[in-house]
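Printed here is protein.cif (mmCIF, C-alpha atoms):
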```
data_structure
loop_
_atom_site.group_PDB
_atom_site.id
_atom_site.type_symbol
_atom_site.label_atom_id
_atom_site.label_comp_id
_atom_site.auth_asym_id
_atom_site.auth_seq_id
_atom_site.Cartn_x
_atom_site.Cartn_y
_atom_site.Cartn_z
ATOM 1 C CA MET A 789 163.615 33.065 130.648
ATOM 2 C CA GLN A 790 166.815 33.200 132.644
ATOM 3 C CA SER A 791 167.607 36.135 134.922
ATOM 4 C CA CYS A 792 169.887 38.732 133.314
ATOM 5 C CA LYS A 793 171.117 40.237 136.598
ATOM 6 C CA PHE A 794 174.320 38.168 136.608
ATOM 7 C CA MET A 795 177.205 38.200 134.165
ATOM 8 C CA ALA A 796 176.569 35.180 131.988
ATOM 9 C CA THR A 797 179.505 33.085 130.819
ATOM 10 C CA LEU A 798 180.154 30.998 127.754
ATOM 11 C CA ASN A 799 179.551 27.874 129.879
ATOM 12 C CA ASP A 800 176.124 29.217 130.899
ATOM 13 C CA VAL A 801 175.204 29.641 127.240
ATOM 14 C CA ALA A 802 176.419 26.123 126.440
ATOM 15 C CA LYS A 803 174.326 24.664 129.269
ATOM 16 C CA ILE A 804 171.132 26.446 128.185
ATOM 17 C CA ALA A 805 171.680 25.541 124.515
ATOM 18 C CA GLY A 806 172.560 21.933 125.303
ATOM 19 C CA VAL A 807 175.885 22.065 123.488
ATOM 20 C CA THR A 808 179.566 22.185 124.419
ATOM 21 C CA PRO A 809 181.411 25.449 125.165
ATOM 22 C CA THR A 810 183.523 24.773 122.072
ATOM 23 C CA THR A 811 180.382 24.737 119.932
ATOM 24 C CA VAL A 812 179.257 28.064 121.416
ATOM 25 C CA SER A 813 182.659 29.538 120.586
ATOM 26 C CA ARG A 814 182.425 28.249 117.013
ATOM 27 C CA VAL A 815 178.976 29.841 116.603
ATOM 28 C CA ILE A 816 180.180 33.169 117.980
ATOM 29 C CA ASN A 817 183.217 33.269 115.715
ATOM 30 C CA MET A 818 181.405 31.776 112.680
ATOM 31 C CA ARG A 819 183.887 28.935 112.383
ATOM 32 C CA GLY A 820 183.408 25.385 111.207
ATOM 33 C CA SER A 821 180.359 23.615 109.859
ATOM 34 C CA LEU A 822 177.330 23.679 112.165
ATOM 35 C CA SER A 823 173.685 22.854 111.618
ATOM 36 C CA GLN A 824 171.250 25.760 111.462
ATOM 37 C CA LYS A 825 169.335 24.204 114.343
ATOM 38 C CA THR A 826 172.446 24.331 116.552
ATOM 39 C CA ILE A 827 173.222 27.914 115.566
ATOM 40 C CA GLU A 828 169.666 29.008 116.374
ATOM 41 C CA ARG A 829 169.767 27.234 119.774
ATOM 42 C CA VAL A 830 172.984 29.028 120.700
ATOM 43 C CA HIS A 831 171.653 32.414 119.563
ATOM 44 C CA LYS A 832 168.447 31.840 121.532
ATOM 45 C CA ALA A 833 170.435 31.008 124.681
ATOM 46 C CA MET A 834 172.595 34.109 124.203
ATOM 47 C CA ARG A 835 169.494 36.290 123.937
ATOM 48 C CA GLU A 836 167.938 34.742 127.033
ATOM 49 C CA LEU A 837 171.093 35.352 129.064
ATOM 50 C CA ASN A 838 171.891 38.709 127.438
ATOM 51 C CA TYR A 839 175.340 37.208 126.887
ATOM 52 C CA GLN A 840 178.024 39.442 125.426
ATOM 53 C CA PRO A 841 181.285 37.683 124.543
ATOM 54 C CA ASN A 842 184.306 39.060 126.361
ATOM 55 C CA ALA A 843 182.209 41.775 128.004
ATOM 56 C CA MET A 844 183.705 41.162 131.449
ATOM 57 C CA ALA A 845 187.317 41.317 130.269
ATOM 58 C CA ARG A 846 186.581 44.462 128.357
ATOM 59 C CA SER A 847 184.896 46.178 131.317
ATOM 60 C CA LEU A 848 187.767 45.232 133.623
ATOM 61 C CA GLN A 849 190.254 46.748 131.216
ATOM 62 C CA GLY A 850 188.179 49.913 131.035
ATOM 63 C CA LYS A 851 189.074 50.260 127.361
ATOM 64 C CA LYS A 852 187.110 50.669 124.183
ATOM 65 C CA SER A 853 187.892 48.681 121.072
ATOM 66 C CA GLN A 854 187.634 51.674 118.679
ATOM 67 C CA LEU A 855 185.770 49.288 116.333
ATOM 68 C CA ILE A 856 182.393 50.019 114.733
ATOM 69 C CA GLY A 857 180.224 47.464 112.940
ATOM 70 C CA LEU A 858 178.488 48.487 109.699
ATOM 71 C CA ILE A 859 175.582 46.253 108.646
ATOM 72 C CA PHE A 860 174.060 47.027 105.247
ATOM 73 C CA PRO A 861 171.852 44.963 102.884
ATOM 74 C CA SER A 862 174.246 44.927 99.930
ATOM 75 C CA VAL A 863 177.450 46.740 99.049
ATOM 76 C CA ALA A 864 176.691 45.994 95.387
ATOM 77 C CA TYR A 865 174.218 48.908 95.170
ATOM 78 C CA PRO A 866 175.871 52.255 94.338
ATOM 79 C CA PHE A 867 174.008 54.167 97.058
ATOM 80 C CA TYR A 868 175.054 51.806 99.832
ATOM 81 C CA GLY A 869 178.586 51.708 98.487
ATOM 82 C CA GLU A 870 178.863 55.511 98.572
ATOM 83 C CA ILE A 871 177.322 55.995 102.002
ATOM 84 C CA ILE A 872 179.429 53.193 103.505
ATOM 85 C CA HIS A 873 182.541 54.843 102.066
ATOM 86 C CA ALA A 874 181.530 58.174 103.608
ATOM 87 C CA ILE A 875 180.775 56.588 107.008
ATOM 88 C CA GLU A 876 184.057 54.661 107.078
ATOM 89 C CA SER A 877 186.068 57.772 106.190
ATOM 90 C CA LYS A 878 184.448 59.835 108.939
ATOM 91 C CA LEU A 879 184.873 57.069 111.510
ATOM 92 C CA PHE A 880 188.564 56.801 110.652
ATOM 93 C CA GLU A 881 188.942 60.560 111.107
ATOM 94 C CA GLN A 882 187.595 60.102 114.644
ATOM 95 C CA GLY A 883 189.979 57.254 115.442
ATOM 96 C CA TYR A 884 187.585 54.367 114.782
ATOM 97 C CA LYS A 885 187.908 51.446 112.371
ATOM 98 C CA ALA A 886 184.976 49.804 110.625
ATOM 99 C CA ILE A 887 183.982 46.141 110.249
ATOM 100 C CA LEU A 888 181.698 45.830 107.218
ATOM 101 C CA CYS A 889 178.947 43.189 107.158
ATOM 102 C CA ASP A 890 176.808 42.544 104.065
ATOM 103 C CA SER A 891 173.542 41.075 105.387
ATOM 104 C CA GLU A 892 172.045 40.374 101.917
ATOM 105 C CA ASN A 893 168.519 40.666 103.370
ATOM 106 C CA ASP A 894 169.160 37.374 105.176
ATOM 107 C CA PRO A 895 168.099 37.407 108.879
ATOM 108 C CA ILE A 896 170.163 34.312 109.711
ATOM 109 C CA LYS A 897 173.281 35.893 108.239
ATOM 110 C CA GLU A 898 172.531 39.160 110.005
ATOM 111 C CA ARG A 899 172.203 37.464 113.406
ATOM 112 C CA ALA A 900 175.499 35.688 112.820
ATOM 113 C CA TYR A 901 177.186 38.980 112.010
ATOM 114 C CA LEU A 902 175.717 40.642 115.097
ATOM 115 C CA THR A 903 177.079 37.822 117.258
ATOM 116 C CA MET A 904 180.473 38.159 115.598
ATOM 117 C CA LEU A 905 180.517 41.929 116.106
ATOM 118 C CA MET A 906 179.778 41.559 119.806
ATOM 119 C CA ALA A 907 182.486 38.913 120.060
ATOM 120 C CA ASN A 908 184.907 41.409 118.551
ATOM 121 C CA GLN A 909 183.861 43.941 121.194
ATOM 122 C CA VAL A 910 182.672 46.671 118.843
ATOM 123 C CA ASP A 911 181.844 49.963 120.524
ATOM 124 C CA GLY A 912 178.795 50.516 118.342
ATOM 125 C CA ILE A 913 176.885 49.639 115.185
ATOM 126 C CA ILE A 914 175.476 51.622 112.257
ATOM 127 C CA THR A 915 172.923 49.565 110.379
ATOM 128 C CA SER A 916 170.465 49.791 107.510
ATOM 129 C CA SER A 917 169.030 46.323 108.028
ATOM 130 C CA HIS A 918 165.936 45.307 106.051
ATOM 131 C CA ASN A 919 165.270 42.177 108.092
ATOM 132 C CA LYS A 920 162.482 41.927 110.643
ATOM 133 C CA GLU A 921 162.526 40.587 114.196
ATOM 134 C CA ILE A 922 166.252 40.821 114.821
ATOM 135 C CA HIS A 923 165.881 41.061 118.580
ATOM 136 C CA GLU A 924 169.608 41.439 119.181
ATOM 137 C CA TYR A 925 169.214 45.128 118.282
ATOM 138 C CA GLU A 926 167.242 45.573 121.510
ATOM 139 C CA ASN A 927 170.490 45.157 123.497
ATOM 140 C CA ASP A 928 170.630 48.276 125.697
ATOM 141 C CA ASN A 929 174.372 47.853 126.301
ATOM 142 C CA LEU A 930 175.364 48.591 122.698
ATOM 143 C CA ALA A 931 175.333 51.972 120.944
ATOM 144 C CA ILE A 932 173.330 51.615 117.709
ATOM 145 C CA VAL A 933 172.240 54.088 115.027
ATOM 146 C CA ALA A 934 169.870 53.083 112.222
ATOM 147 C CA PHE A 935 169.854 54.492 108.710
ATOM 148 C CA ASP A 936 166.420 54.724 107.080
ATOM 149 C CA ARG A 937 165.088 51.786 109.131
ATOM 150 C CA TYR A 938 163.061 51.315 112.306
ATOM 151 C CA LEU A 939 164.711 48.589 114.394
ATOM 152 C CA ALA A 940 163.488 49.078 117.955
ATOM 153 C CA ASP A 941 162.342 51.785 120.326
ATOM 154 C CA GLY A 942 165.280 53.821 121.582
ATOM 155 C CA ILE A 943 167.405 53.376 118.446
ATOM 156 C CA PRO A 944 167.708 56.718 116.617
ATOM 157 C CA ILE A 945 166.891 56.781 112.910
ATOM 158 C CA VAL A 946 168.780 59.003 110.480
ATOM 159 C CA SER A 947 167.240 59.525 107.036
ATOM 160 C CA SER A 948 166.703 62.009 104.270
ATOM 161 C CA ASP A 949 163.307 63.661 103.907
ATOM 162 C CA ASN A 950 161.622 60.814 102.055
ATOM 163 C CA LEU A 951 158.177 62.419 102.195
ATOM 164 C CA ALA A 952 159.394 65.666 100.642
ATOM 165 C CA GLY A 953 161.356 63.653 98.068
ATOM 166 C CA GLY A 954 158.256 61.771 96.966
ATOM 167 C CA LYS A 955 156.332 65.039 96.641
ATOM 168 C CA LEU A 956 159.143 66.768 94.742
ATOM 169 C CA ALA A 957 159.478 63.949 92.220
ATOM 170 C CA THR A 958 155.742 63.648 91.578
ATOM 171 C CA ASP A 959 155.176 67.398 91.328
ATOM 172 C CA TYR A 960 158.085 67.733 88.886
ATOM 173 C CA LEU A 961 156.568 65.078 86.619
ATOM 174 C CA TYR A 962 153.245 66.940 86.753
ATOM 175 C CA GLU A 963 154.977 70.190 85.796
ATOM 176 C CA GLN A 964 156.494 68.367 82.806
ATOM 177 C CA GLY A 965 152.979 67.698 81.539
ATOM 178 C CA CYS A 966 152.574 64.133 82.853
ATOM 179 C CA ARG A 967 149.051 63.159 83.865
ATOM 180 C CA LYS A 968 149.344 59.381 84.145
ATOM 181 C CA ILE A 969 152.074 59.285 86.765
ATOM 182 C CA ALA A 970 153.180 55.934 88.189
ATOM 183 C CA ILE A 971 155.481 54.938 91.021
ATOM 184 C CA VAL A 972 157.720 51.868 90.877
ATOM 185 C CA ALA A 973 158.853 50.731 94.320
ATOM 186 C CA GLY A 974 160.152 47.711 96.126
ATOM 187 C CA VAL A 975 157.863 45.822 98.473
ATOM 188 C CA SER A 976 158.532 46.702 102.106
ATOM 189 C CA ASP A 977 157.098 44.909 105.149
ATOM 190 C CA THR A 978 159.058 46.988 107.658
ATOM 191 C CA ILE A 979 158.160 50.214 109.436
ATOM 192 C CA SER A 980 160.721 52.456 107.793
ATOM 193 C CA PRO A 981 161.079 56.072 106.622
ATOM 194 C CA THR A 982 161.568 54.954 103.010
ATOM 195 C CA GLU A 983 157.842 54.196 102.872
ATOM 196 C CA ASN A 984 157.324 57.967 102.991
ATOM 197 C CA ARG A 985 158.522 58.187 99.391
ATOM 198 C CA ARG A 986 155.346 56.399 98.354
ATOM 199 C CA LEU A 987 153.258 58.522 100.735
ATOM 200 C CA GLY A 988 154.724 61.680 99.211
ATOM 201 C CA TYR A 989 153.780 60.407 95.763
ATOM 202 C CA GLN A 990 150.231 59.575 96.869
ATOM 203 C CA THR A 991 149.833 62.968 98.546
ATOM 204 C CA MET A 992 150.697 64.870 95.366
ATOM 205 C CA ILE A 993 148.589 62.571 93.187
ATOM 206 C CA ALA A 994 145.606 63.326 95.427
ATOM 207 C CA GLU A 995 146.313 67.077 95.402
ATOM 208 C CA ARG A 996 146.481 67.056 91.605
ATOM 209 C CA HIS A 997 143.280 64.955 91.379
ATOM 210 C CA LEU A 998 145.051 62.184 89.484
ATOM 211 C CA THR A 999 144.666 58.417 89.726
ATOM 212 C CA PRO A 1000 147.462 56.635 91.625
ATOM 213 C CA LEU A 1001 149.315 53.964 89.696
ATOM 214 C CA ILE A 1002 151.555 51.905 91.981
ATOM 215 C CA HIS A 1003 153.750 49.048 90.817
ATOM 216 C CA TYR A 1004 155.565 47.006 93.446
ATOM 217 C CA LEU A 1005 158.582 44.976 92.433
ATOM 218 C CA PRO A 1006 158.852 41.406 93.792
ATOM 219 C CA ARG A 1007 160.793 41.460 97.083
ATOM 220 C CA GLU A 1008 163.362 38.766 96.256
ATOM 221 C CA SER A 1009 163.602 39.450 92.533
ATOM 222 C CA ASN A 1010 166.883 39.496 90.633
ATOM 223 C CA LEU A 1011 167.751 42.023 87.940
ATOM 224 C CA ASN A 1012 166.171 40.049 85.081
ATOM 225 C CA GLN A 1013 162.969 39.520 87.046
ATOM 226 C CA LYS A 1014 162.789 43.238 87.783
ATOM 227 C CA ARG A 1015 163.221 44.029 84.096
ATOM 228 C CA GLN A 1016 160.451 41.601 83.145
ATOM 229 C CA SER A 1017 158.122 42.989 85.803
ATOM 230 C CA ILE A 1018 158.747 46.592 84.754
ATOM 231 C CA HIS A 1019 158.460 45.744 81.047
ATOM 232 C CA GLN A 1020 155.058 44.143 81.561
ATOM 233 C CA PHE A 1021 153.900 47.081 83.672
ATOM 234 C CA LEU A 1022 154.935 49.661 81.063
ATOM 235 C CA VAL A 1023 153.257 47.731 78.257
ATOM 236 C CA GLU A 1024 150.001 47.247 80.153
ATOM 237 C CA GLN A 1025 149.674 50.663 81.835
ATOM 238 C CA GLN A 1026 151.387 53.035 79.362
ATOM 239 C CA PRO A 1027 152.263 55.762 81.909
ATOM 240 C CA ASP A 1028 153.623 59.106 80.728
ATOM 241 C CA GLY A 1029 155.632 59.695 83.910
ATOM 242 C CA VAL A 1030 157.311 57.327 86.394
ATOM 243 C CA PHE A 1031 158.776 58.029 89.823
ATOM 244 C CA CYS A 1032 161.184 55.269 90.902
ATOM 245 C CA THR A 1033 162.157 54.995 94.551
ATOM 246 C CA ASP A 1034 165.798 54.294 93.644
ATOM 247 C CA ASP A 1035 168.080 55.274 90.776
ATOM 248 C CA LEU A 1036 168.902 51.755 89.566
ATOM 249 C CA THR A 1037 165.211 51.101 88.968
ATOM 250 C CA ALA A 1038 164.934 54.465 87.206
ATOM 251 C CA VAL A 1039 167.751 53.475 84.853
ATOM 252 C CA ILE A 1040 165.938 50.221 84.024
ATOM 253 C CA VAL A 1041 162.676 52.095 83.333
ATOM 254 C CA GLN A 1042 164.410 54.665 81.157
ATOM 255 C CA ASN A 1043 166.218 51.989 79.143
ATOM 256 C CA LEU A 1044 163.035 49.936 78.661
ATOM 257 C CA ALA A 1045 160.910 52.928 77.638
ATOM 258 C CA THR A 1046 162.172 53.009 74.058
ATOM 259 C CA THR A 1047 161.669 49.258 73.617
ATOM 260 C CA VAL A 1048 157.948 49.613 74.414
ATOM 261 C CA HIS A 1049 157.552 52.772 72.296
ATOM 262 C CA LEU A 1050 157.266 55.181 75.240
ATOM 263 C CA ASP A 1051 159.807 57.580 73.756
ATOM 264 C CA ASN A 1052 158.448 60.594 75.661
ATOM 265 C CA LEU A 1053 158.261 58.902 79.049
ATOM 266 C CA LYS A 1054 159.518 61.129 81.863
ATOM 267 C CA VAL A 1055 161.404 59.374 84.685
ATOM 268 C CA VAL A 1056 162.601 60.544 88.107
ATOM 269 C CA GLY A 1057 164.806 58.439 90.355
ATOM 270 C CA TYR A 1058 165.886 58.653 93.980
ATOM 271 C CA ASP A 1059 169.377 58.683 95.562
ATOM 272 C CA GLY A 1060 171.552 60.832 93.321
ATOM 273 C CA THR A 1061 174.788 58.875 93.649
ATOM 274 C CA GLN A 1062 177.897 60.034 91.818
ATOM 275 C CA VAL A 1063 178.089 56.720 89.958
ATOM 276 C CA ILE A 1064 174.594 56.976 88.471
ATOM 277 C CA GLN A 1065 174.902 60.693 87.700
ATOM 278 C CA SER A 1066 178.181 60.028 85.869
ATOM 279 C CA PHE A 1067 176.754 57.016 84.033
ATOM 280 C CA MET A 1068 173.436 58.672 83.126
ATOM 281 C CA PRO A 1069 173.670 62.455 83.625
ATOM 282 C CA SER A 1070 170.334 63.020 81.889
ATOM 283 C CA LEU A 1071 168.436 61.175 84.651
ATOM 284 C CA SER A 1072 166.368 63.420 86.904
ATOM 285 C CA THR A 1073 166.595 62.299 90.511
ATOM 286 C CA ILE A 1074 166.026 63.174 94.151
ATOM 287 C CA VAL A 1075 169.492 63.676 95.627
ATOM 288 C CA GLN A 1076 170.164 62.456 99.151
ATOM 289 C CA PRO A 1077 172.854 64.371 101.092
ATOM 290 C CA ILE A 1078 175.109 61.324 101.467
ATOM 291 C CA ASP A 1079 178.040 63.093 103.114
ATOM 292 C CA ASP A 1080 175.808 64.929 105.594
ATOM 293 C CA LEU A 1081 173.918 61.733 106.447
ATOM 294 C CA ALA A 1082 177.179 59.899 107.115
ATOM 295 C CA GLU A 1083 178.524 62.732 109.261
ATOM 296 C CA LEU A 1084 175.340 62.876 111.344
ATOM 297 C CA MET A 1085 175.245 59.109 111.925
ATOM 298 C CA VAL A 1086 178.868 59.062 113.063
ATOM 299 C CA LYS A 1087 178.321 62.084 115.321
ATOM 300 C CA ILE A 1088 175.290 60.533 117.046
ATOM 301 C CA LEU A 1089 176.972 57.142 117.433
ATOM 302 C CA ILE A 1090 180.143 58.551 118.990
ATOM 303 C CA GLN A 1091 178.076 60.684 121.342
ATOM 304 C CA LYS A 1092 176.176 57.559 122.429
ATOM 305 C CA ILE A 1093 179.454 55.712 122.975
ATOM 306 C CA GLU A 1094 181.122 58.467 124.965
ATOM 307 C CA ASP A 1095 178.139 59.726 126.973
ATOM 308 C CA GLU A 1096 175.919 57.099 128.599
ATOM 309 C CA GLN A 1097 173.476 59.849 129.639
ATOM 310 C CA PHE A 1098 172.965 61.046 126.063
ATOM 311 C CA THR A 1099 169.398 60.548 124.852
ATOM 312 C CA PRO A 1100 169.158 60.994 121.077
ATOM 313 C CA GLN A 1101 166.052 62.033 119.162
ATOM 314 C CA ALA A 1102 163.919 59.280 117.717
ATOM 315 C CA ASN A 1103 164.311 60.644 114.173
ATOM 316 C CA TYR A 1104 166.799 62.893 112.387
ATOM 317 C CA VAL A 1105 165.692 64.045 108.922
ATOM 318 C CA LEU A 1106 167.910 65.870 106.407
ATOM 319 C CA PRO A 1107 166.617 67.759 103.346
ATOM 320 C CA VAL A 1108 166.778 66.446 99.781
ATOM 321 C CA THR A 1109 167.104 68.269 96.471
ATOM 322 C CA LEU A 1110 165.751 67.685 92.981
ATOM 323 C CA LYS A 1111 168.315 67.306 90.220
ATOM 324 C CA LYS A 1112 166.507 68.021 86.957
#
```
Written as structure tokens, how would this file's structure read?
Amino acid sequence: MQSCKFMATLNDVAKIAGVTPTTVSRVINMRGSLSQKTIERVHKAMRELNYQPNAMARSLQGKKSQLIGLIFPSVAYPFYGEIIHAIESKLFEQGYKAILCDSENDPIKERAYLTMLMANQVDGIITSSHNKEIHEYENDNLAIVAFDRYLADGIPIVSSDNLAGGKLATDYLYEQGCRKIAIVAGVSDTISPTENRRLGYQTMIAERHLTPLIHYLPRESNLNQKRQSIHQFLVEQQPDGVFCTDDLTAVIVQNLATTVHLDNLKVVGYDGTQVIQSFMPSLSTIVQPIDDLAELMVKILIQKIEDEQFTPQANYVLPVTLKK
């Protein structure tokens, strides 16, 4: 690996990657048609050299860009849409503008966005990435805050109290008379706070001396595949209560219940967005404090940007509530 004690240049990256400086520039700015092999070689060279586009010019100017990168899995989901809106509004209030990147659970796309954000000299990044082994997040020179995801040591994580949420949802179903309580969750292969929703469920199931019934949805499934998977699960297992780790899944379960003759099925979701509560006000759910989460993430990020000596906590956890 190359020494990182000097200020690497675009030409240095090109030499290590075995390409022209023009090609490096095209990779950084996501322009033109390039093979994936070339893109990966350039990214690898940039990591080896700890290369940050335009870093020298920026440091000489002594100015900040007042730009913040937001990297989220999908803006199509109501929860992400609402929290991104809250983050952007609070950043703007503090004099910052946001660059939104939809990573779509695609590590190649996420790396490309990270390179682009550094090329645009962002002052910091707020991310809720689901992808593993994105080593660019280990860059000590960039202020980063993670939402609900572990990315690397030293990057603070902001989340709601997922463990308490899982317990609240499960205990509520028990109080409603449910004794065959299931959980429907997405598969996760990352070390993230959201896994505590399942742990909260399992804790209450054990305390109530019930049998756990866990159904994982296929990781890359589309909406129709999720419906089919849930339909088969409901038919085969016949639960009387279901805790879903997000509200969209809860809506699917509730809609499918009548089609499989589970008219008395009790369902609890997780997120509590305004969109879902307006669309289906009867849905019980664990409500995340979206505005408070956004405010805390922005506060921590700006403090990291403005104070190089600031050492944030590893985890910040905000309380949730049960909407019956």
For the point (157.9, 60.3, 99.1) in file coordinates, what residues are within 7 Å, counting only C-alpha atoms? Give the answer as a PDB file with C-alpha atoms, in the frame of the given file?
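The result, written out as out_9.pdb:
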```pdb
ATOM      1  CA  ASN A 950     161.622  60.814 102.055  1.00  0.00           C
ATOM      2  CA  LEU A 951     158.177  62.419 102.195  1.00  0.00           C
ATOM      3  CA  ALA A 952     159.394  65.666 100.642  1.00  0.00           C
ATOM      4  CA  GLY A 953     161.356  63.653  98.068  1.00  0.00           C
ATOM      5  CA  GLY A 954     158.256  61.771  96.966  1.00  0.00           C
ATOM      6  CA  LYS A 955     156.332  65.039  96.641  1.00  0.00           C
ATOM      7  CA  ASN A 984     157.324  57.967 102.991  1.00  0.00           C
ATOM      8  CA  ARG A 985     158.522  58.187  99.391  1.00  0.00           C
ATOM      9  CA  ARG A 986     155.346  56.399  98.354  1.00  0.00           C
ATOM     10  CA  LEU A 987     153.258  58.522 100.735  1.00  0.00           C
ATOM     11  CA  GLY A 988     154.724  61.680  99.211  1.00  0.00           C
ATOM     12  CA  TYR A 989     153.780  60.407  95.763  1.00  0.00           C
TER      13      TYR A 989
END
```
From the set A:Ala1102, A:Val972, A:Ile1002, A:Met1085, which residue has the shortest atom-to-atom contact distance to Thr1037 (chain A), counting all atoms listed in the file?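 Checking each of A:Ala1102, A:Val972, A:Ile1002, A:Met1085 against Thr1037 (chain A), counting all atoms listed in the file, the winner is A:Val972.
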Which residues of region 1005-1085 of chain A come within 12 Å of region 911-917 of chain A, and for each one, what is the closest pair of atoms and their distance in Å to one decimal, counting all atoms listed in the file, sorted by chain and residue number, as a Markdown table?
```
| residue | atom | partner | partner_atom | distance |
| --- | --- | --- | --- | --- |
| A:Leu1081 | CA | A:Ile914 | CA | 11.8 |
| A:Ala1082 | CA | A:Ile914 | CA | 9.9 |
| A:Glu1083 | CA | A:Ile914 | CA | 11.9 |
| A:Leu1084 | CA | A:Ile914 | CA | 11.3 |
| A:Met1085 | CA | A:Ile914 | CA | 7.5 |
```
Kindly indicate which residue among A:Ser980, A:Ser821, A:Asn838, A:Gln1101 lies nearest to Glu926 (chain A), using all atoms listed in the file for the distances.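 Using all atoms listed in the file, Glu926 (chain A) sits closest to A:Asn838.
You can rank A:Leu888, A:Leu1053, A:Leu1005, A:Leu822 by their closest distance to Val975 (chain A) using all atoms listed in the file, and at the top of that list sits A:Leu1005.
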Please measure the separation of CA of Ala931 (chain A) and CA of Ile1093 (chain A), giving the value in Å to one decimal.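 We find that CA of Ala931 (chain A) and CA of Ile1093 (chain A) lie 5.9 Å from each other.
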Quick one: what's the axis-aligned box for region 1051-1060 of chain A, all listed atoms, 6 Å on every side, centre and edges in Å to one decimal, as JSON?
```
{"center_x": 164.9, "center_y": 59.4, "center_z": 84.7, "size_x": 25.3, "size_y": 15.5, "size_z": 33.8}
```
Set the distance at 12 Å and use only C-alpha atoms: which residues neighbour Phe860 (chain A) once local chain neighbours fewer than 3 positions away are removed? I'd like the list as a PyMOL selection string. chain A and resi 857+863-865+867-873+875+887-895+897-898+901-902+913-919+934-937
Reconstruct region 961-965 of chain A at the level of all heavy atoms, and format the result as an mmCIF file, in the coordinates of the input.
```cif
data_model
loop_
_atom_site.group_PDB
_atom_site.id
_atom_site.type_symbol
_atom_site.label_atom_id
_atom_site.label_comp_id
_atom_site.auth_asym_id
_atom_site.auth_seq_id
_atom_site.Cartn_x
_atom_site.Cartn_y
_atom_site.Cartn_z
ATOM 1 N N LEU A 961 157.137 65.793 87.761
ATOM 2 C CA LEU A 961 156.568 65.078 86.619
ATOM 3 C C LEU A 961 155.279 65.756 86.153
ATOM 4 O O LEU A 961 155.013 65.861 84.951
ATOM 5 C CB LEU A 961 156.301 63.614 87.000
ATOM 6 C CG LEU A 961 157.548 62.747 87.171
ATOM 7 C CD1 LEU A 961 157.189 61.395 87.786
ATOM 8 C CD2 LEU A 961 158.265 62.542 85.836
ATOM 9 N N TYR A 962 154.485 66.227 87.108
ATOM 10 C CA TYR A 962 153.245 66.940 86.753
ATOM 11 C C TYR A 962 153.569 68.222 85.990
ATOM 12 O O TYR A 962 152.921 68.535 84.981
ATOM 13 C CB TYR A 962 152.451 67.257 88.021
ATOM 14 C CG TYR A 962 151.106 67.887 87.752
ATOM 15 C CD1 TYR A 962 149.978 67.098 87.532
ATOM 16 C CD2 TYR A 962 150.958 69.282 87.710
ATOM 17 C CE1 TYR A 962 148.734 67.675 87.280
ATOM 18 C CE2 TYR A 962 149.728 69.861 87.462
ATOM 19 C CZ TYR A 962 148.625 69.061 87.244
ATOM 20 O OH TYR A 962 147.404 69.636 86.992
ATOM 21 N N GLU A 963 154.575 68.949 86.464
ATOM 22 C CA GLU A 963 154.977 70.190 85.796
ATOM 23 C C GLU A 963 155.493 69.937 84.383
ATOM 24 O O GLU A 963 155.425 70.824 83.523
ATOM 25 C CB GLU A 963 156.061 70.892 86.618
ATOM 26 C CG GLU A 963 155.561 71.473 87.934
ATOM 27 C CD GLU A 963 156.691 72.049 88.768
ATOM 28 O OE1 GLU A 963 157.864 71.884 88.355
ATOM 29 O OE2 GLU A 963 156.410 72.646 89.818
ATOM 30 N N GLN A 964 156.003 68.739 84.132
ATOM 31 C CA GLN A 964 156.494 68.367 82.806
ATOM 32 C C GLN A 964 155.363 67.935 81.876
ATOM 33 O O GLN A 964 155.616 67.515 80.744
ATOM 34 C CB GLN A 964 157.526 67.242 82.927
ATOM 35 C CG GLN A 964 158.792 67.624 83.680
ATOM 36 C CD GLN A 964 159.503 68.802 83.062
ATOM 37 O OE1 GLN A 964 159.888 68.766 81.894
ATOM 38 N NE2 GLN A 964 159.650 69.882 83.828
ATOM 39 N N GLY A 965 154.136 68.026 82.363
ATOM 40 C CA GLY A 965 152.979 67.698 81.539
ATOM 41 C C GLY A 965 152.445 66.296 81.719
ATOM 42 O O GLY A 965 151.498 65.884 81.031
#
```
